[in-house]
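Student: Got a structure for you, upload_35.cif, holding mmCIF, C-alpha atoms.
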```
data_final
#
loop_
_atom_site.label_atom_id
_atom_site.label_comp_id
_atom_site.auth_asym_id
_atom_site.auth_seq_id
_atom_site.Cartn_x
_atom_site.Cartn_y
_atom_site.Cartn_z
CA MET A 5 18.07 13.38 -19.19
CA SER A 6 16.50 16.36 -17.42
CA PHE A 7 13.07 17.86 -17.84
CA THR A 8 11.31 20.75 -16.19
CA THR A 9 7.58 20.44 -15.71
CA PRO A 10 5.92 22.82 -18.18
CA ALA A 11 3.86 25.68 -16.83
CA ILE A 12 0.16 24.95 -16.97
CA ASP A 13 -0.44 28.41 -18.45
CA ASP A 14 1.54 27.49 -21.59
CA ASP A 15 0.44 29.79 -24.43
CA SER A 16 0.08 26.76 -26.68
CA ALA A 17 -2.93 25.77 -24.59
CA ALA A 18 -4.74 29.10 -24.77
CA ILE A 19 -8.48 28.73 -24.40
CA VAL A 20 -11.06 30.47 -26.56
CA ALA A 21 -13.86 31.90 -24.45
CA ASP A 22 -17.04 29.90 -24.81
CA PRO A 23 -20.03 32.28 -25.06
CA ILE A 24 -22.36 29.65 -23.57
CA ALA A 25 -20.14 28.75 -20.61
CA THR A 26 -22.07 28.47 -17.36
CA PHE A 27 -20.52 29.41 -14.03
CA ALA A 28 -20.99 27.23 -10.98
CA VAL A 29 -23.37 28.54 -8.35
CA PRO A 30 -21.98 28.69 -4.77
CA LEU A 31 -23.32 25.83 -2.69
CA PRO A 32 -24.48 25.83 0.95
CA LEU A 33 -22.20 23.78 3.17
CA ASP A 34 -24.82 21.16 4.01
CA ALA A 35 -26.35 20.73 0.55
CA PRO A 36 -25.90 17.33 -1.14
CA LEU A 37 -24.40 17.71 -4.60
CA ALA A 38 -26.60 16.59 -7.48
CA HIS A 39 -24.14 14.25 -9.20
CA ALA A 40 -23.75 12.24 -12.40
CA VAL A 41 -21.30 9.57 -13.57
CA VAL A 42 -20.11 9.59 -17.19
CA GLY A 43 -18.75 6.28 -18.46
CA LEU A 44 -20.14 2.94 -17.30
CA GLY A 45 -17.11 0.72 -17.64
CA ARG A 46 -15.73 -1.18 -14.66
CA PHE A 47 -14.52 1.92 -12.84
CA GLY A 48 -17.60 3.96 -13.66
CA CYS A 49 -19.85 1.30 -12.14
CA VAL A 50 -17.70 1.16 -9.00
CA HIS A 51 -18.03 4.93 -8.61
CA ALA A 52 -21.77 4.85 -9.23
CA ARG A 53 -22.39 2.11 -6.66
CA LYS A 54 -20.36 4.01 -4.07
CA LEU A 55 -22.21 7.27 -4.74
CA LEU A 56 -25.64 5.67 -4.28
CA ALA A 57 -25.20 5.59 -0.51
CA LEU A 58 -22.64 8.36 -0.03
CA SER A 59 -23.70 11.32 2.10
CA GLY A 60 -23.02 14.70 0.58
CA PHE A 61 -23.92 13.50 -2.93
CA HIS A 62 -27.20 12.70 -4.68
CA LEU A 63 -26.56 10.50 -7.71
CA ARG A 64 -29.14 11.54 -10.29
CA ALA A 65 -27.96 10.24 -13.67
CA LEU A 66 -25.60 7.97 -15.59
CA VAL A 67 -24.23 8.78 -19.05
CA ASP A 68 -22.69 6.44 -21.61
CA CYS A 69 -22.76 6.94 -25.37
CA SER A 70 -22.25 3.26 -26.15
CA SER A 71 -25.35 1.49 -27.50
CA SER A 72 -24.30 -1.58 -25.51
CA ALA A 73 -24.05 0.24 -22.18
CA ARG A 74 -26.03 -1.38 -19.39
CA ALA A 75 -26.42 -0.34 -15.76
CA ALA A 76 -26.01 -2.90 -13.00
CA SER A 77 -29.24 -3.97 -11.33
CA GLU A 78 -28.71 -1.75 -8.28
CA LEU A 79 -28.35 1.25 -10.64
CA ALA A 80 -31.36 0.41 -12.80
CA ALA A 81 -33.58 3.06 -11.20
CA LEU A 82 -31.31 5.84 -12.45
CA PRO A 83 -31.73 7.35 -15.92
CA LEU A 84 -29.09 6.03 -18.35
CA LEU A 85 -28.49 8.81 -20.86
CA PRO A 86 -26.72 8.59 -24.25
CA SER A 87 -25.32 12.13 -24.26
CA LEU A 88 -24.16 14.94 -21.98
CA ASP A 89 -26.80 17.08 -23.67
CA ASP A 90 -29.43 14.91 -21.99
CA LEU A 91 -28.27 15.62 -18.44
CA PRO A 92 -31.06 17.07 -16.30
CA PRO A 93 -30.70 20.64 -15.07
CA GLY A 94 -29.14 21.25 -11.69
CA ILE A 95 -26.27 18.73 -11.91
CA ALA A 96 -23.54 20.26 -9.74
CA SER A 97 -20.76 17.67 -9.97
CA VAL A 98 -19.75 14.81 -12.23
CA THR A 99 -17.37 11.86 -12.25
CA VAL A 100 -15.64 11.28 -15.60
CA ALA A 101 -14.78 7.59 -15.96
CA THR A 102 -14.67 7.32 -19.75
CA SER A 103 -11.75 5.95 -21.77
CA ASP A 104 -8.57 7.92 -21.10
CA ASP A 105 -8.49 9.57 -24.52
CA ALA A 106 -11.96 11.07 -23.93
CA HIS A 107 -11.24 12.56 -20.49
CA ALA A 108 -10.30 16.03 -21.73
CA GLU A 109 -13.19 16.53 -24.16
CA VAL A 110 -15.83 15.25 -21.75
CA ALA A 111 -14.49 17.14 -18.73
CA MET A 112 -14.31 20.44 -20.59
CA ALA A 113 -17.85 20.07 -21.91
CA LEU A 114 -19.07 19.47 -18.35
CA MET A 115 -17.11 22.36 -16.88
CA ARG A 116 -18.62 24.69 -19.49
CA ARG A 117 -22.02 23.61 -18.14
CA GLY A 118 -20.90 24.81 -14.69
CA CYS A 119 -20.17 21.35 -13.26
CA HIS A 120 -17.38 20.51 -10.82
CA VAL A 121 -15.52 17.51 -12.21
CA LEU A 122 -13.59 14.57 -10.76
CA VAL A 123 -11.65 12.86 -13.57
CA GLU A 124 -10.37 9.32 -13.12
CA LYS A 125 -6.59 9.11 -13.48
CA PRO A 126 -4.84 9.84 -15.71
CA LEU A 127 -6.25 13.34 -16.02
CA CYS A 128 -5.47 13.28 -19.74
CA ILE A 129 -3.07 11.68 -22.21
CA ASP A 130 -1.71 14.91 -23.70
CA ARG A 131 -0.26 17.71 -21.56
CA HIS A 132 -1.59 20.44 -23.87
CA GLU A 133 -5.13 19.11 -23.41
CA GLY A 134 -4.47 19.04 -19.68
CA ALA A 135 -3.46 22.71 -19.67
CA LEU A 136 -6.63 23.50 -21.58
CA MET A 137 -8.70 21.60 -18.99
CA ILE A 138 -7.18 23.64 -16.17
CA ARG A 139 -7.81 26.92 -17.96
CA THR A 140 -11.40 25.88 -18.64
CA ALA A 141 -11.92 25.17 -14.93
CA ARG A 142 -10.55 28.58 -14.00
CA GLN A 143 -12.60 30.35 -16.64
CA CYS A 144 -15.83 28.64 -15.56
CA GLY A 145 -15.18 28.97 -11.82
CA VAL A 146 -15.40 25.24 -11.14
CA THR A 147 -13.27 22.66 -9.33
CA LEU A 148 -11.29 20.17 -11.42
CA SER A 149 -9.88 17.20 -9.48
CA THR A 150 -8.01 14.05 -10.46
CA GLY A 151 -8.72 10.59 -9.05
CA HIS A 152 -5.32 9.80 -7.57
CA ILE A 153 -6.96 7.60 -4.96
CA GLU A 154 -3.73 6.40 -3.32
CA ARG A 155 -3.58 9.74 -1.46
CA PHE A 156 -6.54 8.41 0.53
CA ASN A 157 -5.05 5.00 1.28
CA PRO A 158 -5.52 4.47 5.05
CA VAL A 159 -1.85 3.44 5.19
CA PHE A 160 -1.05 7.15 4.99
CA ASP A 161 -2.62 8.49 8.15
CA GLU A 162 -1.49 11.87 9.43
CA ALA A 163 1.24 10.40 11.65
CA VAL A 164 2.76 8.40 8.78
CA LEU A 165 2.48 11.36 6.42
CA ASP A 166 4.27 13.68 8.86
CA ARG A 167 7.00 11.09 9.44
CA LEU A 168 7.57 10.55 5.72
CA ARG A 169 7.74 14.26 4.98
CA ASN A 170 10.20 14.87 7.79
CA ALA A 171 12.30 11.94 6.59
CA ALA A 172 12.21 13.25 3.02
CA ALA A 173 13.44 16.67 4.13
CA SER A 174 16.24 15.08 6.16
CA HIS A 175 17.16 12.67 3.36
CA SER A 176 17.46 15.43 0.76
CA ARG A 177 19.79 17.45 3.01
CA GLY A 178 22.17 14.58 3.83
CA GLN A 179 24.66 12.55 1.83
CA GLN A 180 22.15 9.72 1.64
CA GLY A 181 20.27 11.93 -0.83
CA ARG A 182 22.32 10.21 -3.53
CA ARG A 183 20.50 6.92 -2.84
CA PRO A 184 16.82 6.19 -3.59
CA PHE A 185 14.56 7.42 -0.84
CA MET A 186 11.54 5.46 -2.09
CA ARG A 187 11.01 2.39 -4.26
CA PHE A 188 7.59 1.70 -5.74
CA ARG A 189 6.46 -1.59 -7.29
CA ARG A 190 2.96 -1.94 -8.77
CA TYR A 191 1.60 -4.83 -10.84
CA SER A 192 -1.82 -5.66 -12.27
CA THR A 193 -3.35 -8.96 -13.38
CA ARG A 194 -4.39 -7.35 -16.66
CA VAL A 195 -2.73 -8.24 -19.95
CA ALA A 196 -1.22 -5.27 -21.76
CA THR A 197 2.15 -3.92 -22.88
CA ALA A 198 4.76 -2.75 -20.40
CA ARG A 199 4.55 0.78 -21.81
CA ASP A 200 0.79 0.88 -21.13
CA SER A 201 1.51 0.47 -17.43
CA VAL A 202 3.16 3.89 -17.15
CA LEU A 203 -0.04 5.92 -17.51
CA ASP A 204 -2.19 3.14 -16.05
CA LEU A 205 -0.19 2.12 -12.96
CA MET A 206 3.06 4.02 -12.51
CA VAL A 207 1.28 7.37 -12.69
CA HIS A 208 -0.27 6.54 -9.28
CA ASP A 209 3.17 6.28 -7.72
CA ILE A 210 4.60 9.31 -9.51
CA ASP A 211 1.85 11.41 -7.94
CA LEU A 212 2.22 9.62 -4.61
CA PHE A 213 5.98 10.23 -4.44
CA ALA A 214 5.59 13.97 -5.07
CA TRP A 215 2.68 14.28 -2.63
CA LEU A 216 4.20 12.21 0.18
CA CYS A 217 7.47 14.15 -0.03
CA ALA A 218 5.86 17.58 -0.60
CA ILE A 219 7.79 18.04 -3.85
CA PRO A 220 6.55 21.17 -5.68
CA VAL A 221 4.94 20.90 -9.12
CA GLU A 222 7.73 22.92 -10.72
CA ALA A 223 10.48 20.54 -9.51
CA PRO A 224 12.60 19.26 -12.43
CA LEU A 225 12.59 15.58 -13.28
CA GLU A 226 15.76 13.77 -14.35
CA VAL A 227 15.53 10.24 -15.71
CA LEU A 228 18.66 8.49 -14.42
CA ALA A 229 17.93 5.02 -15.85
CA ARG A 230 15.11 3.15 -17.54
CA HIS A 231 14.50 -0.41 -18.66
CA ILE A 232 11.51 -1.69 -20.61
CA GLY A 233 10.86 -5.44 -20.57
CA GLU A 234 8.10 -7.52 -22.11
CA GLN A 235 5.71 -7.13 -19.17
CA SER A 236 7.23 -4.43 -16.97
CA ILE A 237 9.09 -1.15 -16.97
CA ARG A 238 11.53 0.18 -14.40
CA ALA A 239 12.74 3.75 -14.00
CA ARG A 240 15.11 5.52 -11.65
CA VAL A 241 14.51 9.27 -11.43
CA ARG A 242 15.60 12.32 -9.52
CA LEU A 243 12.70 14.63 -8.71
CA GLY A 244 13.87 17.80 -7.04
CA ALA A 245 16.46 16.70 -4.49
CA LEU A 246 15.18 13.13 -4.07
CA ILE A 247 15.72 9.91 -5.99
CA ALA A 248 13.01 7.29 -6.47
CA GLU A 249 12.68 4.01 -8.31
CA PHE A 250 9.44 2.98 -10.01
CA GLU A 251 8.44 -0.41 -11.38
CA SER A 252 5.12 -1.28 -12.98
CA GLY A 253 3.75 -4.01 -15.17
CA TYR A 254 1.12 -6.63 -15.91
CA GLY A 255 0.55 -10.35 -15.58
CA SER A 256 1.14 -10.57 -11.84
CA MET A 257 -0.85 -13.06 -9.79
CA PRO A 258 -2.05 -11.64 -7.50
CA ALA A 259 -1.95 -7.89 -8.17
CA SER A 260 0.44 -6.01 -5.93
CA ALA A 261 1.45 -2.50 -4.90
CA ARG A 262 4.28 -1.81 -2.48
CA LEU A 263 6.31 1.12 -1.25
CA HIS A 264 9.76 0.66 0.27
CA VAL A 265 11.03 3.69 2.17
CA CYS A 266 14.84 3.72 2.47
CA ASP A 267 15.67 6.53 4.87
CA GLY A 268 19.08 5.25 5.97
CA HIS A 269 18.17 5.48 9.64
CA ARG A 270 15.00 3.47 9.20
CA GLU A 271 13.60 1.27 6.44
CA GLN A 272 9.95 0.43 6.04
CA LEU A 273 7.89 -1.67 3.62
CA LEU A 274 4.29 -0.59 3.10
CA ASP A 275 1.76 -2.86 1.42
CA LEU A 276 -0.55 -0.47 -0.45
CA ARG A 277 -3.03 -3.18 -1.38
CA ARG A 278 -3.91 -4.31 2.10
CA SER A 279 -7.63 -4.06 2.82
CA THR A 280 -8.67 -0.41 2.78
CA ALA A 281 -12.20 -1.01 4.06
CA THR A 282 -13.03 -0.48 7.69
CA THR A 283 -15.96 -1.63 9.79
CA THR A 284 -17.65 1.70 9.03
CA GLY A 285 -17.08 1.45 5.26
CA ASP A 286 -14.58 4.31 5.39
CA ASP A 287 -12.59 3.19 2.34
CA ALA A 288 -10.28 5.13 0.05
CA LEU A 289 -12.98 5.89 -2.55
CA THR A 290 -15.31 7.24 0.13
CA ARG A 291 -12.49 9.41 1.45
CA GLN A 292 -11.69 10.65 -2.02
CA TYR A 293 -15.27 11.80 -2.60
CA GLN A 294 -15.30 13.51 0.79
CA GLY A 295 -12.09 15.25 -0.24
CA PHE A 296 -13.58 16.22 -3.60
CA ARG A 297 -16.58 17.77 -1.86
CA ARG A 298 -14.31 19.71 0.51
CA ALA A 299 -12.33 21.02 -2.45
CA ILE A 300 -15.55 22.20 -4.12
CA LEU A 301 -16.48 24.05 -0.92
CA GLY A 302 -13.05 25.69 -0.81
CA GLN A 303 -11.82 23.67 2.17
CA ALA A 304 -8.45 21.98 2.69
CA SER A 305 -8.32 18.56 1.05
CA ARG A 306 -5.95 15.77 0.03
CA VAL A 307 -7.69 15.38 -3.32
CA ALA A 308 -5.38 15.84 -6.31
CA SER A 309 -6.14 19.01 -8.22
CA GLY A 310 -6.22 19.28 -11.98
CA ALA A 311 -2.74 20.78 -11.81
CA ASP A 312 -1.51 17.81 -9.75
CA GLY A 313 -3.00 15.44 -12.31
CA LEU A 314 -1.35 17.28 -15.20
CA VAL A 315 2.04 17.21 -13.50
CA ALA A 316 1.74 13.46 -12.87
CA VAL A 317 0.87 12.85 -16.54
CA THR A 318 3.70 15.09 -17.73
CA ARG A 319 6.24 13.30 -15.55
CA ALA A 320 4.91 9.89 -16.60
CA CYS A 321 5.25 10.84 -20.26
CA GLN A 322 8.79 12.07 -19.63
CA ILE A 323 9.69 8.65 -18.21
CA LEU A 324 7.88 6.89 -21.06
CA HIS A 325 9.65 8.84 -23.80
CA ALA A 326 13.08 9.37 -22.19
#
```
How would this structure read if it were set down as structure tokens?
Tutor:
Amino acid sequence: MSFTTPAIDDDSAAIVADPIATFAVPLPLDAPLAHAVVGLGRFGCVHARKLLALSGFHLRALVDCSSSARAASELAALPLLPSLDDLPPGIASVTVATSDDAHAEVAMALMRRGCHVLVEKPLCIDRHEGALMIRTARQCGVTLSTGHIERFNPVFDEAVLDRLRNAAASHSRGQQGRRPFMRFRRYSTRVATARDSVLDLMVHDIDLFAWLCAIPVEAPLEVLARHIGEQSIRARVRLGALIAEFESGYGSMPASARLHVCDGHREQLLDLRRSTATTTGDDALTRQYQGFRRAILGQASRVASGADGLVAVTRACQILHA
């Protein structure tokens, strides 16, 4: 079954101009960004703790509409606000770590305030909402990024990235292109349905495969095989000229994430869950925020754009509904 990634300018996602939209003000290169985190679940708290001590950002507020929301003790000095309308003036950038189904609405409201936005993956759960998010970012002159943090995994240093991209180009040209070039396996200790893992876990590896192999966003996806079990789902796909296999699921002890590169000339197994922290605290989340800041300043960055996030969601949904 073949699919072509839909254009992000799909007419069905046309945006109506918002008369109160605010455009982002250009920032000096050395100015810390006044930042807020929306959503104080597990991931939101992780982001907030990281931002407290992160250079280049000044965490000024937390937002959560739940009456039961509580900030961790180290975050207690920050204002905990019940609504986006209560955000103080001057907020330049925001992390959206709400429930997945609220990502689009919250991100668009923030962008219309002139805020640059980093949305936890998945960018959205509906591709039409994703297209609307991207149009809103363009209209308001702000940066929309997606939290595909695996791009910042220290496993993928520049030397490894160059080697993988060269191998991908060689693999797609040769006869071995009929065999899988990469196999991904990702499991969580959570308890949920196998289908839930596609947008929760597999979406990481769908983005990672395309990014590592420099596969363009318009490349067609063909689902070659798919199997859904009680706790896991497996899919074999052709994306552009390359074949990959994805497996994701729940109930694993411990959690795991692995990438097997099958080049034909050389095979390599990469453990993506090995410790990502260094002695200087230069972990993947820190790197992602540095990349987000570079993107805001118009500099080259690994951070996934809104368009990258939409393509990953679209491809994940194609696998889910094939």
Student: Quick one: everything within 9 Å of A:Ile237, counting all atoms listed in the file, minus sequence neighbours fewer than 4 positions away in the same chain. Send it as a ChimeraX atom specification.
Tutor: /A:198-199,201-202,230-233,250-253
Student: Would you mind exporting C-alpha atoms of the selected residues as a compact mmCIF listing (two decimals), keeping the file's coordinate frame?
Tutor:
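See again18.txt below for the written result:
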```txt
# COMPACT_ATOMS: atom_id res chain seq x y z
CA ALA A 198 4.76 -2.75 -20.40
CA ARG A 199 4.55 0.78 -21.81
CA SER A 201 1.51 0.47 -17.43
CA VAL A 202 3.16 3.89 -17.15
CA ARG A 230 15.11 3.15 -17.54
CA HIS A 231 14.50 -0.41 -18.66
CA ILE A 232 11.51 -1.69 -20.61
CA GLY A 233 10.86 -5.44 -20.57
CA PHE A 250 9.44 2.98 -10.01
CA GLU A 251 8.44 -0.41 -11.38
CA SER A 252 5.12 -1.28 -12.98
CA GLY A 253 3.75 -4.01 -15.17
```
Student: Looking at only C-alpha atoms, which of A:Val42, A:Val164, A:Val159, A:Ile153 is the one that sits closest to A:Leu114?
Tutor: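 Looking only at the distances to A:Leu114, the closest residue turns out to be A:Val42.
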Student: Using Å and a single decimal, report how far atom CA of A:His175 sits from atom CA of A:Pro224.
Tutor: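 For atom CA of A:Pro224 relative to atom CA of A:His175, the distance reads 17.7 Å.
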Student: Residues near stretch 96-107 of chain A, anyone? I mean within 7 Å using only C-alpha atoms, not counting same-chain ones fewer than 6 positions away, as a tab-separated table (two decimals) with C-alpha atoms, in the frame of the given file.
Tutor:
```tsv
chain	number	residue	atom	x	y	z
A	37	LEU	CA	-24.40	17.71	-4.60
A	38	ALA	CA	-26.60	16.59	-7.48
A	39	HIS	CA	-24.14	14.25	-9.20
A	40	ALA	CA	-23.75	12.24	-12.40
A	41	VAL	CA	-21.30	9.57	-13.57
A	42	VAL	CA	-20.11	9.59	-17.19
A	43	GLY	CA	-18.75	6.28	-18.46
A	47	PHE	CA	-14.52	1.92	-12.84
A	48	GLY	CA	-17.60	3.96	-13.66
A	119	CYS	CA	-20.17	21.35	-13.26
A	120	HIS	CA	-17.38	20.51	-10.82
A	121	VAL	CA	-15.52	17.51	-12.21
A	122	LEU	CA	-13.59	14.57	-10.76
A	123	VAL	CA	-11.65	12.86	-13.57
A	124	GLU	CA	-10.37	9.32	-13.12
A	126	PRO	CA	-4.84	9.84	-15.71
A	127	LEU	CA	-6.25	13.34	-16.02
A	128	CYS	CA	-5.47	13.28	-19.74
A	129	ILE	CA	-3.07	11.68	-22.21
```
Student: One number please: atom CA of A:Arg190 to atom CA of A:Leu55, in Å, one decimal.
Tutor: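 Pair atom CA of A:Arg190 / atom CA of A:Leu55 returns 27.1 Å.
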Student: Smallest atom-to-atom distance to A:Ala308: which of A:Ala223, A:Leu273, A:Leu148, A:Met115, using all atoms listed in the file?
Tutor: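 Result for the nearest residue to A:Ala308: A:Leu148.
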Student: Written as a list of chain:residue names, which residues does the PyMOL selection byres ((chain A and resi 74-84) around 10) give for the file shown?
Tutor: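 Selection result, ordered by chain and number: A:Ala40, A:Val41, A:Val42, A:Leu44, A:Gly45, A:Cys49, A:Ala52, A:Arg53, A:Leu56, A:Leu63, A:Arg64, A:Ala65, A:Leu66, A:Val67, A:Asp68, A:Cys69, A:Ser70, A:Ser71, A:Ser72, A:Ala73, A:Leu85, A:Pro86, A:Ser87, A:Asp90, A:Leu91, A:Pro92.
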Student: Let me know the residues the PyMOL selection byres ((chain A and resi 213-220) around 8) catches in the file above, as an MDAnalysis selection string.
Tutor: chainID A and resid 155 165 168:169 172:173 186 209:212 221:223 243:244 248
Student: Can you spit out the residues from that selection as a CSV table (one decimal), in the coordinates of the input, using C-alpha atoms?
Tutor:
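What follows is the written file selection05.csv:
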```
chain,number,residue,atom,x,y,z
A,155,ARG,CA,-3.6,9.7,-1.5
A,165,LEU,CA,2.5,11.4,6.4
A,168,LEU,CA,7.6,10.6,5.7
A,169,ARG,CA,7.7,14.3,5.0
A,172,ALA,CA,12.2,13.2,3.0
A,173,ALA,CA,13.4,16.7,4.1
A,186,MET,CA,11.5,5.5,-2.1
A,209,ASP,CA,3.2,6.3,-7.7
A,210,ILE,CA,4.6,9.3,-9.5
A,211,ASP,CA,1.8,11.4,-7.9
A,212,LEU,CA,2.2,9.6,-4.6
A,221,VAL,CA,4.9,20.9,-9.1
A,222,GLU,CA,7.7,22.9,-10.7
A,223,ALA,CA,10.5,20.5,-9.5
A,243,LEU,CA,12.7,14.6,-8.7
A,244,GLY,CA,13.9,17.8,-7.0
A,248,ALA,CA,13.0,7.3,-6.5
```
Student: Please indicate the distance in Å from atom CA of A:Ala259 to atom CA of A:Leu324, rounded to one decimal place.
Tutor: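 Distance between the two atoms: 21.9 Å.
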Student: What lies within 9 Å of A:Tyr254 using all atoms listed in the file, ignoring chain neighbours under 6 positions off, as a PyMOL selection string?
Tutor: chain A and resi 190-198+201+235-236
